[in-house]
Structure formats: C-alpha cells, structure tokens
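Engineer: Structure: start.cif, mmCIF, C-alpha atoms and all ligand atoms.
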```
data_run
loop_
_atom_site.label_atom_id
_atom_site.label_comp_id
_atom_site.auth_asym_id
_atom_site.auth_seq_id
_atom_site.Cartn_x
_atom_site.Cartn_y
_atom_site.Cartn_z
CA MET A 21 19.70 14.83 -3.07
CA SER A 22 17.56 11.88 -2.22
CA TYR A 23 18.28 9.60 0.71
CA LEU A 24 17.65 6.32 -1.10
CA SER A 25 18.31 6.11 -4.80
CA ILE A 26 17.69 2.95 -6.79
CA ARG A 27 19.28 3.00 -10.22
CA GLY A 28 18.87 0.53 -13.06
CA LEU A 29 18.15 -2.35 -10.72
CA HIS A 30 17.51 -5.70 -12.35
CA LYS A 31 16.78 -9.15 -11.09
CA SER A 32 16.15 -12.49 -12.80
CA TYR A 33 15.51 -15.99 -11.53
CA GLY A 34 17.15 -18.19 -14.17
CA ALA A 35 15.79 -17.09 -17.53
CA THR A 36 12.83 -15.28 -15.96
CA SER A 37 13.25 -11.53 -15.56
CA ILE A 38 11.39 -10.24 -12.49
CA PHE A 39 12.32 -6.61 -13.13
CA SER A 40 14.81 -5.19 -15.56
CA ASP A 41 15.19 -1.49 -14.84
CA ILE A 42 13.86 -0.16 -11.52
CA ASN A 43 14.66 3.49 -10.84
CA CYS A 44 13.36 5.53 -7.94
CA GLU A 45 14.33 8.22 -5.49
CA ILE A 46 13.11 8.37 -1.89
CA GLY A 47 13.62 11.30 0.47
CA LYS A 48 14.76 11.10 4.09
CA GLY A 49 11.82 10.51 6.41
CA GLU A 50 9.47 9.66 3.56
CA PHE A 51 6.85 6.93 3.84
CA VAL A 52 6.61 5.29 0.44
CA THR A 53 4.31 2.44 -0.50
CA LEU A 54 4.90 -0.12 -3.22
CA LEU A 55 1.42 -1.00 -4.38
CA GLY A 56 0.67 -3.66 -6.96
CA PRO A 57 -0.97 -6.99 -7.69
CA SER A 58 0.39 -10.24 -6.34
CA GLY A 59 3.44 -11.44 -8.26
CA CYS A 60 4.44 -8.02 -9.67
CA GLY A 61 7.80 -8.07 -7.85
CA LYS A 62 7.22 -6.04 -4.67
CA SER A 63 8.74 -8.55 -2.24
CA THR A 64 11.63 -9.28 -4.56
CA LEU A 65 12.45 -5.58 -4.71
CA LEU A 66 12.35 -5.26 -0.90
CA ARG A 67 14.49 -8.38 -0.49
CA CYS A 68 17.04 -6.94 -2.93
CA ILE A 69 17.20 -3.71 -0.90
CA ALA A 70 17.61 -5.68 2.35
CA GLY A 71 20.25 -7.91 0.77
CA LEU A 72 18.26 -11.11 1.29
CA THR A 73 18.24 -11.68 -2.48
CA GLU A 74 21.14 -11.02 -4.80
CA VAL A 75 20.55 -8.46 -7.56
CA GLY A 76 21.48 -9.00 -11.20
CA GLY A 77 22.85 -5.48 -11.49
CA GLY A 78 22.24 -1.84 -10.73
CA GLN A 79 22.74 0.30 -7.64
CA ILE A 80 20.95 0.82 -4.35
CA VAL A 81 22.45 3.97 -2.89
CA LEU A 82 21.49 4.72 0.74
CA ASP A 83 22.78 7.94 2.25
CA GLY A 84 25.52 8.16 -0.34
CA GLU A 85 26.81 4.55 -0.28
CA ASP A 86 25.97 1.68 -2.60
CA LEU A 87 24.47 -1.19 -0.59
CA VAL A 88 24.77 -3.82 -3.29
CA PRO A 89 28.25 -5.05 -2.33
CA GLN A 90 27.40 -4.96 1.41
CA ALA A 91 26.30 -7.93 3.52
CA PRO A 92 22.69 -7.70 4.74
CA GLN A 93 23.64 -7.29 8.41
CA LYS A 94 25.90 -4.32 7.52
CA ARG A 95 23.17 -2.37 5.72
CA GLY A 96 21.38 -0.97 8.78
CA ILE A 97 18.00 -1.98 7.43
CA GLY A 98 15.04 -3.25 9.45
CA MET A 99 12.52 -5.55 7.83
CA VAL A 100 9.11 -6.79 8.93
CA PHE A 101 7.32 -9.61 7.11
CA GLN A 102 3.71 -10.70 6.85
CA SER A 103 4.54 -13.83 8.87
CA TYR A 104 5.95 -12.30 12.04
CA ALA A 105 8.76 -14.89 12.23
CA LEU A 106 9.23 -14.54 15.99
CA PHE A 107 11.31 -17.09 17.89
CA PRO A 108 8.66 -19.24 19.62
CA ASN A 109 10.96 -20.31 22.47
CA MET A 110 11.93 -16.74 23.41
CA THR A 111 9.94 -14.18 25.37
CA VAL A 112 8.88 -10.87 23.81
CA GLN A 113 11.81 -9.22 25.62
CA GLN A 114 14.30 -11.78 24.24
CA ASN A 115 12.84 -11.58 20.73
CA VAL A 116 13.23 -7.82 20.66
CA ALA A 117 16.69 -7.94 22.23
CA PHE A 118 17.93 -10.52 19.72
CA GLY A 119 19.26 -8.05 17.14
CA LEU A 120 21.10 -6.10 19.83
CA ARG A 121 22.68 -9.30 21.16
CA MET A 122 23.99 -9.99 17.65
CA GLN A 123 25.39 -6.44 17.58
CA LYS A 124 26.98 -7.11 20.99
CA VAL A 125 25.27 -4.12 22.58
CA ALA A 126 25.93 -4.00 26.34
CA LYS A 127 23.26 -5.54 28.58
CA GLU A 128 22.20 -2.32 30.28
CA GLU A 129 21.82 -0.35 27.08
CA SER A 130 20.02 -3.27 25.48
CA THR A 131 17.49 -3.50 28.33
CA GLU A 132 16.77 0.21 28.06
CA ARG A 133 16.38 0.15 24.28
CA VAL A 134 14.09 -2.89 24.38
CA ARG A 135 11.96 -1.13 26.99
CA GLU A 136 11.75 1.95 24.73
CA ALA A 137 10.86 -0.08 21.64
CA LEU A 138 8.15 -2.06 23.46
CA ALA A 139 6.69 1.18 24.82
CA MET A 140 6.54 2.56 21.28
CA VAL A 141 4.36 -0.33 20.14
CA GLU A 142 2.38 -0.22 23.41
CA LEU A 143 3.54 -3.63 24.60
CA GLY A 144 5.41 -2.52 27.71
CA ASP A 145 3.46 -4.97 29.86
CA PHE A 146 4.04 -7.96 27.59
CA ALA A 147 7.82 -8.34 27.87
CA ALA A 148 7.68 -11.67 29.73
CA ARG A 149 5.14 -13.34 27.44
CA TYR A 150 5.87 -15.92 24.76
CA PRO A 151 4.62 -15.53 21.19
CA HIS A 152 1.92 -18.23 21.61
CA GLN A 153 0.42 -16.05 24.38
CA LEU A 154 -0.11 -13.13 21.97
CA SER A 155 -2.69 -12.25 19.32
CA GLY A 156 -1.66 -11.82 15.68
CA GLY A 157 -1.69 -8.03 16.00
CA GLN A 158 0.48 -8.18 19.12
CA CYS A 159 2.95 -10.54 17.40
CA GLN A 160 3.25 -8.08 14.53
CA ARG A 161 3.91 -5.24 17.00
CA VAL A 162 6.69 -7.33 18.56
CA ALA A 163 8.13 -7.86 15.07
CA LEU A 164 7.99 -4.11 14.54
CA ALA A 165 9.67 -3.43 17.90
CA ARG A 166 12.37 -5.95 16.99
CA SER A 167 13.18 -3.83 13.92
CA LEU A 168 12.86 -0.44 15.61
CA VAL A 169 15.19 -1.40 18.47
CA THR A 170 18.13 -1.65 16.05
CA ARG A 171 17.50 1.99 14.97
CA PRO A 172 17.48 1.13 11.27
CA ARG A 173 18.44 3.68 8.63
CA LEU A 174 15.62 2.32 6.51
CA LEU A 175 12.54 0.32 7.48
CA LEU A 176 11.04 -2.18 5.04
CA LEU A 177 7.56 -3.56 5.72
CA ASP A 178 6.35 -6.40 3.49
CA GLU A 179 2.55 -6.67 3.78
CA PRO A 180 2.79 -6.57 7.59
CA LEU A 181 -0.97 -6.16 8.01
CA SER A 182 -2.27 -8.66 5.47
CA ALA A 183 -2.72 -11.54 7.92
CA LEU A 184 -4.69 -9.46 10.45
CA ASP A 185 -8.42 -8.84 10.71
CA ALA A 186 -9.86 -5.55 9.48
CA ARG A 187 -10.24 -3.76 12.81
CA ILE A 188 -6.72 -4.58 14.05
CA ARG A 189 -5.35 -3.72 10.62
CA LYS A 190 -6.78 -0.20 10.75
CA HIS A 191 -5.50 0.40 14.27
CA LEU A 192 -2.03 -0.91 13.47
CA ARG A 193 -1.64 1.09 10.29
CA GLU A 194 -2.24 4.27 12.26
CA GLN A 195 0.24 3.15 14.89
CA ILE A 196 2.91 2.36 12.27
CA ARG A 197 2.40 5.70 10.56
CA SER A 198 2.59 7.64 13.82
CA ILE A 199 5.78 5.86 15.01
CA GLN A 200 7.33 6.38 11.57
CA GLN A 201 6.57 10.11 11.73
CA ASP A 202 7.78 10.49 15.33
CA LEU A 203 11.10 8.86 14.46
CA GLY A 204 11.36 10.45 10.99
CA LEU A 205 12.08 6.93 9.78
CA THR A 206 12.43 6.45 6.03
CA THR A 207 10.06 3.60 5.25
CA ILE A 208 9.06 1.44 2.30
CA PHE A 209 5.76 -0.31 2.88
CA VAL A 210 4.48 -3.03 0.57
CA THR A 211 0.82 -3.80 0.06
CA HIS A 212 -1.64 -4.99 -2.56
CA ASP A 213 -4.42 -3.07 -0.78
CA GLN A 214 -5.19 0.27 -2.41
CA GLU A 215 -6.98 1.71 0.62
CA GLU A 216 -3.99 0.95 2.85
CA ALA A 217 -1.69 2.64 0.33
CA LEU A 218 -3.93 5.70 -0.02
CA VAL A 219 -4.33 6.38 3.70
CA MET A 220 -0.77 5.68 4.85
CA SER A 221 1.65 7.01 2.28
CA ASP A 222 3.48 10.22 1.49
CA ARG A 223 3.99 8.74 -1.95
CA ILE A 224 2.80 5.63 -3.75
CA PHE A 225 4.75 3.68 -6.36
CA LEU A 226 2.29 1.67 -8.37
CA MET A 227 3.90 -1.49 -9.74
CA ASN A 228 2.82 -3.88 -12.44
CA ALA A 229 4.74 -6.79 -13.92
CA GLY A 230 8.14 -5.66 -12.66
CA ARG A 231 7.76 -1.98 -13.52
CA ILE A 232 6.90 1.13 -11.55
CA VAL A 233 4.09 2.40 -13.76
CA GLN A 234 3.16 5.53 -11.82
CA SER A 235 4.29 7.35 -8.72
CA GLY A 236 2.76 10.24 -6.85
CA ASP A 237 0.77 11.14 -3.77
CA ALA A 238 -2.59 9.52 -3.01
CA GLU A 239 -4.53 12.37 -4.61
CA THR A 240 -2.63 12.05 -7.89
CA LEU A 241 -2.87 8.28 -8.06
CA TYR A 242 -6.56 8.35 -7.26
CA THR A 243 -7.69 11.18 -9.51
CA ALA A 244 -5.17 10.96 -12.36
CA PRO A 245 -4.42 7.32 -13.20
CA ILE A 246 -1.89 7.22 -16.00
CA ASP A 247 -3.27 4.22 -17.85
CA ALA A 248 -5.99 1.60 -17.85
CA PHE A 249 -4.05 -0.61 -15.42
CA ALA A 250 -3.71 2.23 -12.90
CA ALA A 251 -7.37 3.14 -13.29
CA GLY A 252 -8.36 -0.49 -12.84
CA PHE A 253 -6.19 -0.97 -9.78
CA ILE A 254 -7.00 2.18 -7.82
CA GLY A 255 -10.60 3.13 -7.20
CA ASN A 256 -13.40 1.36 -9.04
CA TYR A 257 -13.14 3.28 -12.28
CA ASN A 258 -15.55 2.69 -15.15
CA LEU A 259 -13.27 1.95 -18.12
CA LEU A 260 -14.84 2.56 -21.52
CA ASP A 261 -13.33 1.95 -24.93
CA ALA A 262 -13.50 4.77 -27.48
CA ASP A 263 -16.71 3.42 -29.06
CA ALA A 264 -18.60 3.16 -25.79
CA ALA A 265 -17.24 6.53 -24.63
CA SER A 266 -18.44 8.23 -27.84
CA ARG A 267 -21.89 6.67 -27.55
CA LEU A 268 -22.27 7.60 -23.90
CA LEU A 269 -21.08 11.19 -24.21
CA GLY A 270 -22.67 11.79 -27.64
CA ARG A 271 -19.51 13.14 -29.24
CA PRO A 272 -16.54 11.54 -30.98
CA ILE A 273 -13.90 10.32 -28.53
CA SER A 274 -10.74 8.71 -29.84
CA SER A 275 -9.26 7.11 -26.74
CA ARG A 276 -10.28 4.97 -23.81
CA ILE A 277 -11.73 6.88 -20.90
CA ALA A 278 -12.01 6.26 -17.18
CA ILE A 279 -14.78 7.70 -14.99
CA ARG A 280 -14.92 7.30 -11.24
CA PRO A 281 -18.23 5.88 -9.98
CA GLU A 282 -18.65 8.77 -7.53
CA ALA A 283 -18.24 11.34 -10.33
CA ILE A 284 -21.61 10.37 -11.80
CA ARG A 285 -24.73 11.85 -10.21
CA LEU A 286 -28.19 10.33 -10.41
CA GLY A 287 -31.51 12.17 -10.61
CA GLY A 288 -32.14 15.87 -10.95
CA GLU A 289 -33.36 17.69 -14.02
CA GLY A 290 -32.06 15.92 -17.11
CA GLY A 291 -28.47 16.13 -15.89
CA ALA A 292 -25.78 18.41 -17.28
CA ASN A 293 -24.96 15.94 -20.04
CA GLY A 294 -28.63 15.14 -20.76
CA ILE A 295 -27.97 11.42 -20.47
CA GLU A 296 -30.79 9.14 -19.47
CA GLY A 297 -30.17 5.73 -18.00
CA GLN A 298 -31.91 2.87 -16.31
CA ILE A 299 -31.06 1.30 -12.96
CA ARG A 300 -30.13 -2.37 -13.42
CA SER A 301 -29.31 -3.27 -9.84
CA HIS A 302 -27.93 -1.86 -6.64
CA SER A 303 -25.95 -3.08 -3.68
CA LEU A 304 -25.49 -1.48 -0.32
CA LEU A 305 -21.85 -1.06 0.75
CA GLY A 306 -22.65 0.52 4.11
CA ASN A 307 -22.20 4.24 3.66
CA VAL A 308 -22.32 3.95 -0.13
CA ILE A 309 -24.95 2.58 -2.50
CA ARG A 310 -23.39 1.13 -5.66
CA TYR A 311 -25.68 1.10 -8.70
CA ARG A 312 -25.31 -0.66 -12.01
CA VAL A 313 -26.85 1.70 -14.52
CA GLU A 314 -27.27 1.23 -18.25
CA ALA A 315 -27.17 4.31 -20.45
CA ARG A 316 -27.00 4.35 -24.26
CA GLY A 317 -26.01 0.68 -24.25
CA VAL A 318 -23.12 1.27 -21.83
CA GLU A 319 -23.07 -0.23 -18.35
CA LEU A 320 -21.74 2.04 -15.60
CA LEU A 321 -21.06 1.74 -11.90
CA VAL A 322 -22.37 4.72 -9.96
CA ASP A 323 -21.62 5.28 -6.25
CA VAL A 324 -24.00 7.41 -4.22
CA LEU A 325 -23.59 8.36 -0.59
CA ASN A 326 -26.27 6.59 1.44
CA ARG A 327 -27.77 9.57 3.26
CA SER A 328 -31.48 8.77 3.37
CA ALA A 329 -34.15 6.49 1.94
CA SER A 330 -34.63 8.99 -0.93
CA ASP A 331 -31.15 8.06 -2.20
CA MET A 332 -32.48 4.60 -3.05
CA HIS A 333 -33.56 3.91 -6.61
CA GLY A 334 -35.19 0.61 -7.58
CA SER A 335 -34.23 -1.66 -10.46
CA GLY A 336 -35.82 -0.69 -13.76
CA GLN A 337 -36.25 2.96 -12.77
CA ARG A 338 -35.33 5.44 -15.51
CA ILE A 339 -33.11 8.20 -14.27
CA ALA A 340 -31.05 11.18 -15.47
CA LEU A 341 -27.26 10.92 -15.18
CA SER A 342 -24.93 13.79 -14.91
CA ILE A 343 -21.23 13.20 -15.34
CA ASP A 344 -18.74 15.73 -14.07
CA THR A 345 -16.69 16.39 -17.23
CA ALA A 346 -13.58 17.25 -15.19
CA ALA A 347 -13.68 13.69 -13.85
CA ILE A 348 -13.52 12.08 -17.28
CA ARG A 349 -9.94 10.87 -17.78
CA GLU A 350 -8.48 9.78 -21.08
CA VAL A 351 -6.26 6.77 -20.44
CA ALA A 352 -3.77 4.91 -22.61
P1 LIG A 401 4.88 -9.82 -5.00
O1 LIG A 401 5.57 -9.62 -3.69
O2 LIG A 401 4.62 -8.54 -5.73
O3 LIG A 401 3.64 -10.63 -4.86
P2 LIG A 401 7.22 -11.37 -5.66
O4 LIG A 401 8.32 -10.38 -5.63
O5 LIG A 401 7.09 -12.28 -4.49
O6 LIG A 401 5.85 -10.64 -5.97
O7 LIG A 401 7.39 -12.27 -6.94
C1 LIG A 401 7.60 -11.74 -8.24
C2 LIG A 401 7.81 -12.87 -9.21
O8 LIG A 401 9.04 -13.51 -8.90
C3 LIG A 401 6.75 -13.93 -9.16
O9 LIG A 401 6.45 -14.32 -10.48
C4 LIG A 401 7.39 -15.04 -8.39
O10 LIG A 401 6.88 -16.29 -8.80
C5 LIG A 401 8.85 -14.89 -8.76
N1 LIG A 401 9.75 -15.38 -7.70
C6 LIG A 401 9.83 -14.88 -6.45
N2 LIG A 401 10.76 -15.53 -5.72
C7 LIG A 401 11.30 -16.46 -6.53
C8 LIG A 401 12.33 -17.46 -6.39
N3 LIG A 401 12.99 -17.59 -5.24
N4 LIG A 401 12.59 -18.23 -7.46
C9 LIG A 401 11.93 -18.07 -8.62
N5 LIG A 401 10.95 -17.17 -8.84
C10 LIG A 401 10.64 -16.37 -7.81
MG MG A 402 5.00 -10.25 -1.78
#
```
What would the structure in this file look like if it were written as structure tokens?
Ligand code: ADP
Ligand code: MG

Structural biologist:
Amino acid sequence: MSYLSIRGLHKSYGATSIFSDINCEIGKGEFVTLLGPSGCGKSTLLRCIAGLTEVGGGQIVLDGEDLVPQAPQKRGIGMVFQSYALFPNMTVQQNVAFGLRMQKVAKEESTERVREALAMVELGDFAARYPHQLSGGQCQRVALARSLVTRPRLLLLDEPLSALDARIRKHLREQIRSIQQDLGLTTIFVTHDQEEALVMSDRIFLMNAGRIVQSGDAETLYTAPIDAFAAGFIGNYNLLDADAASRLLGRPISSRIAIRPEAIRLGGEGGANGIEGQIRSHSLLGNVIRYRVEARGVELLVDVLNRSASDMHGSGQRIALSIDTAAIREVA
C-alpha cells in the first residue's frame, strides 16, 4: 500500500478549475518531483496537501488517514517555499526553534533538536546570526532546517532552489537529496526545471494544465515521452509532423515523431539512413555543440559532444546524417 494516496482531488478558484481529478500514489521514503510549466497547478496541489488551500473535493490519504478534514498544523507536514519566509527579527536558532515552541516542546529537547537540524544543513556555526547576515543559499538551508526539526511525516518543497544562482543550486540539490535519503523522508519537490527533476527524483510526475500527463523515473520520462507536450518539455526533442517525418525518413509515417538531438550522428560514410543534410548554424554549449541542420527540407537540432576541433562543422557544409532508429519515438 502506498504511503500517500491522492484520490480524485479537485480544486477551483471561483468558476476556474485548476485541476479536476488528480490521482497519484507515493511510497514511503520516495522522492517525487512535480515538474511542469508555470501556472500548471503545482503550487496549488502542494498547498492543498499542506492544508494551506481548501480543496473542492477528493481525498489526500497519508499513512492511512484522510488529511482533508484536518487543520494544517495537525497534518505533520513540513513545507519550504521559494521565498524562504524567515522571521527577520529572530536569529537562525530562534527561526528553527519556532515550530517546536508552537508544539510546546520542552526547552532542553528543543535546543538539542535545533542543534541536530542545523548540523544537518551544515549551519551549526550560524545559530546566532540573523537572516540579513546570511546568503540566499544559507537562508534556504535555515528554512529547510526549520521544517526538518519538526520531524515531518511528509516534506513539501515548492521551487526551493529557483531564487538561487546556478552553483549554489547544484550544491543544495545534492544536500537536499542526501538529507532526504538519510532520513528516509517522503518528499514532494516542485520545479519547472527539467534538469533538476531528472537528477534529483526517484519518480517524476509531469504536469500540464492541471493534469498529471506522465509519471515515471528519469530514464522513462527522458527516453519515452508520452506525447508532444512531454517531448517538448523534457530534453530538446525534434518534433516532426507526419509529413516532415515521412520526407526525412523516406518512408510513409502516419504520426508525429520525436527525435532527441543527441540521437542523430553527423559525418561518417553516408549514414545508416543514407540521409544527407547541410549545416545551417552551430552554437557552442560548453561540452556540447548544437547544430541546426537541414535535411530533405526538414530542420533538425543535432547535439554533438565537443571532444576536439574535428567535431566542428562549418555552416554550409554538406554532411551525412545517421539517425538511431530506436530513438525515433511516435508521439500523440
Ligand atoms: P504553478 O505553481 O504550477 O506555477 P499555481 O498552482 O501557482 O501554478 O497556479 C495554477 C493556476 O491557479 C494559475 O492559473 C493561477 O493563476 C491560479 N491561481 C493560483 N492561486 C490562485 C488564487 N489564490 N486565486 C485565483 N487563482 C489562483
Ligand atoms: Mg508555483
């Protein structure tokens, strides 16, 4: 049986339906990511689970009990937001202790638990500081400690890394994942960043316009997108309509297809598919060179690992393409 089970959940604001039938099952200790474009309903779903927003109907069953009728503070859920929402007039120690004070935990136990939580986020030496004396990344770690200290049954993270710069973001996502695994903490992480979702999650729920359109592990989401939206959102798939696909592959194809840019190889003898193309332009993305190539009237993105100068092809150059047929996905 799953640990968290969401059944037929719906939510409207006035006449506007945000989602009408969310169903999902999450196992104990799982790290699940809700991935989707801005406005698709990710935060609303988290807020419904936390009890910060009232649901229109449905069930949110955590460890056998329906949370919907319960007050937010009774649910045993920790939540971290993009904006850290720390109390500016309290020290790090006081911020982290706040939840325990509300729960009337005895002073001695509280001090020990705060110390533990700050050590987990590597801020043991920062207990006496005030939020304005911390960097953004440190503030977010305090916010995380403030949730962890309450020993939540479920941790909800709403784009906690989105306001941070790239280097801090990468470090913090590893830290979050490692703490989550150490504690075996069931976690729902929200992001609109596909890379973040792919590297962090046990399972990804891809959302669009109030629906979970696909769920699976990173490998599945990346290599087997279920439809054109999924292919467009994860990876940089080339999406071709049936006409273009038939022209490119030289055989009748009746549906749209998606081809990953790294599944097309450039150069070599004629290529397995015998397709010839012409380089239109290229851009250097660090370790990868991304080409725009035209072949049979179809424009394709092709990603090549940037190993040496011989990987570079100039604009206008004619070149053989070979497309790994296993990587050609039909999509709805
Ligand atoms: P996401 O987190 O995926 O970006 P949200 O859950 O914040 O999306 O929002 C989903 C939709 O619900 C959006 O269209 C948003 O405008 C709408 N919405 C969110 N909160 C409210 C509210 N309090 N009142 C009315 N509409 C809202
Ligand atoms: Mg949001």

Engineer: Any idea what's packed within 8 Å of A:His30, counting all atoms listed in the file, ignoring anything in its chain fewer than 3 positions away? Could you give it as a list of chain:residue names?

Structural biologist: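 Non-adjacent residues within range: A:Ser37, A:Ile38, A:Phe39, A:Ser40, A:Asp41, A:Ile42, A:Val75, A:Gly76, A:Gly77, A:Gly78.
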
Engineer: Quick one: of A:Ala340, A:Ala105, A:Ile208, A:Ile295, who's nearest to A:Asp178, counting all atoms listed in the file?

Structural biologist: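 For A:Asp178, the nearest of the candidates is A:Ile208.
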
Engineer: Would you name the residues within 7 Å of ligand LIG 401 (chain A), counting only C-alpha atoms and all ligand atoms, and put them as a ChimeraX atom specification?

Structural biologist: /A:33,38,56-65

Engineer: Contacts of A:Ile246 at 10 Å or less, counting all atoms listed in the file, minus same-chain residues fewer than 4 places along, as a list in words?

Structural biologist: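 What passes the distance filter is Val233, Gln234, Ser235, Thr240, Leu241, Tyr242, Ala250, Ala251, Arg349, Glu350, Val351 and Ala352 of chain A.
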
Engineer: Do you know which residues lie at most 7 Å from (7.2, -0.3, 16.9), with coordinates as in the file and all atoms listed in the file counted, and could you write them as a list in words?

Structural biologist: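 Selection result: Ala137, Leu138, Met140, Val141, Arg161, Leu164, Ala165, Leu168, Ile196 and Ile199 of chain A.
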
Engineer: Now that the selection is made, can you save its residues with C-alpha atoms as an mmCIF file, keeping the file's coordinate frame?

Structural biologist:
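Writing done, so here's again.cif:
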```
data_model
loop_
_atom_site.group_PDB
_atom_site.id
_atom_site.type_symbol
_atom_site.label_atom_id
_atom_site.label_comp_id
_atom_site.auth_asym_id
_atom_site.auth_seq_id
_atom_site.Cartn_x
_atom_site.Cartn_y
_atom_site.Cartn_z
ATOM 1 C CA ALA A 137 10.860 -0.080 21.640
ATOM 2 C CA LEU A 138 8.150 -2.060 23.460
ATOM 3 C CA MET A 140 6.540 2.560 21.280
ATOM 4 C CA VAL A 141 4.360 -0.330 20.140
ATOM 5 C CA ARG A 161 3.910 -5.240 17.000
ATOM 6 C CA LEU A 164 7.990 -4.110 14.540
ATOM 7 C CA ALA A 165 9.670 -3.430 17.900
ATOM 8 C CA LEU A 168 12.860 -0.440 15.610
ATOM 9 C CA ILE A 196 2.910 2.360 12.270
ATOM 10 C CA ILE A 199 5.780 5.860 15.010
#
```

Engineer: Suppose you want the space between atom CA of A:Gly334 and atom CA of A:Arg300; what is it in Å?

Structural biologist: 8.3 Å

Engineer: For ligand MG 402 (chain A), which residue out of A:His212, A:Arg310, A:Arg95, A:His333 is the nearest one, using all atoms listed in the file?

Structural biologist: A:His212

Engineer: Would you place a box with edges along x, y and z of the file around all atoms of stretch 162-178 of chain A listed there, add 4 Å to each of its six sides, and report the centre and edge lengths in Å to one decimal, as AutoDock Vina command-line options?

Structural biologist:
```
--center_x 12.4 --center_y -2.1 --center_z 11.0 --size_x 20.1 --size_y 19.5 --size_z 23.1
```

Engineer: Please, could N, CA and C atoms be added to stretch 88-99 of chain A and the result written as a short mmCIF file (atom, residue, chain, number, x, y, z; two decimals), in the frame of the given file?

Structural biologist:
```cif
data_model
loop_
_atom_site.label_atom_id
_atom_site.label_comp_id
_atom_site.auth_asym_id
_atom_site.auth_seq_id
_atom_site.Cartn_x
_atom_site.Cartn_y
_atom_site.Cartn_z
N VAL A 88 24.72 -2.54 -2.59
CA VAL A 88 24.77 -3.82 -3.29
C VAL A 88 25.94 -4.71 -2.87
N PRO A 89 27.16 -4.15 -2.74
CA PRO A 89 28.25 -5.05 -2.33
C PRO A 89 28.25 -5.39 -0.84
N GLN A 90 27.37 -4.76 -0.04
CA GLN A 90 27.40 -4.96 1.41
C GLN A 90 26.58 -6.15 1.87
N ALA A 91 27.06 -6.83 2.92
CA ALA A 91 26.30 -7.93 3.52
C ALA A 91 25.03 -7.38 4.16
N PRO A 92 23.97 -8.19 4.19
CA PRO A 92 22.69 -7.70 4.74
C PRO A 92 22.81 -7.11 6.15
N GLN A 93 23.58 -7.76 7.01
CA GLN A 93 23.64 -7.29 8.41
C GLN A 93 24.42 -5.98 8.55
N LYS A 94 25.14 -5.58 7.48
CA LYS A 94 25.90 -4.32 7.52
C LYS A 94 25.09 -3.14 6.98
N ARG A 95 23.88 -3.43 6.44
CA ARG A 95 23.17 -2.37 5.72
C ARG A 95 22.39 -1.42 6.62
N GLY A 96 22.15 -1.82 7.86
CA GLY A 96 21.38 -0.97 8.78
C GLY A 96 19.93 -0.85 8.39
N ILE A 97 19.38 -1.98 7.90
CA ILE A 97 18.00 -1.98 7.43
C ILE A 97 17.16 -2.89 8.33
N GLY A 98 15.97 -2.42 8.69
CA GLY A 98 15.04 -3.25 9.45
C GLY A 98 13.96 -3.76 8.52
N MET A 99 13.57 -5.02 8.71
CA MET A 99 12.52 -5.55 7.83
C MET A 99 11.48 -6.31 8.64
#
```
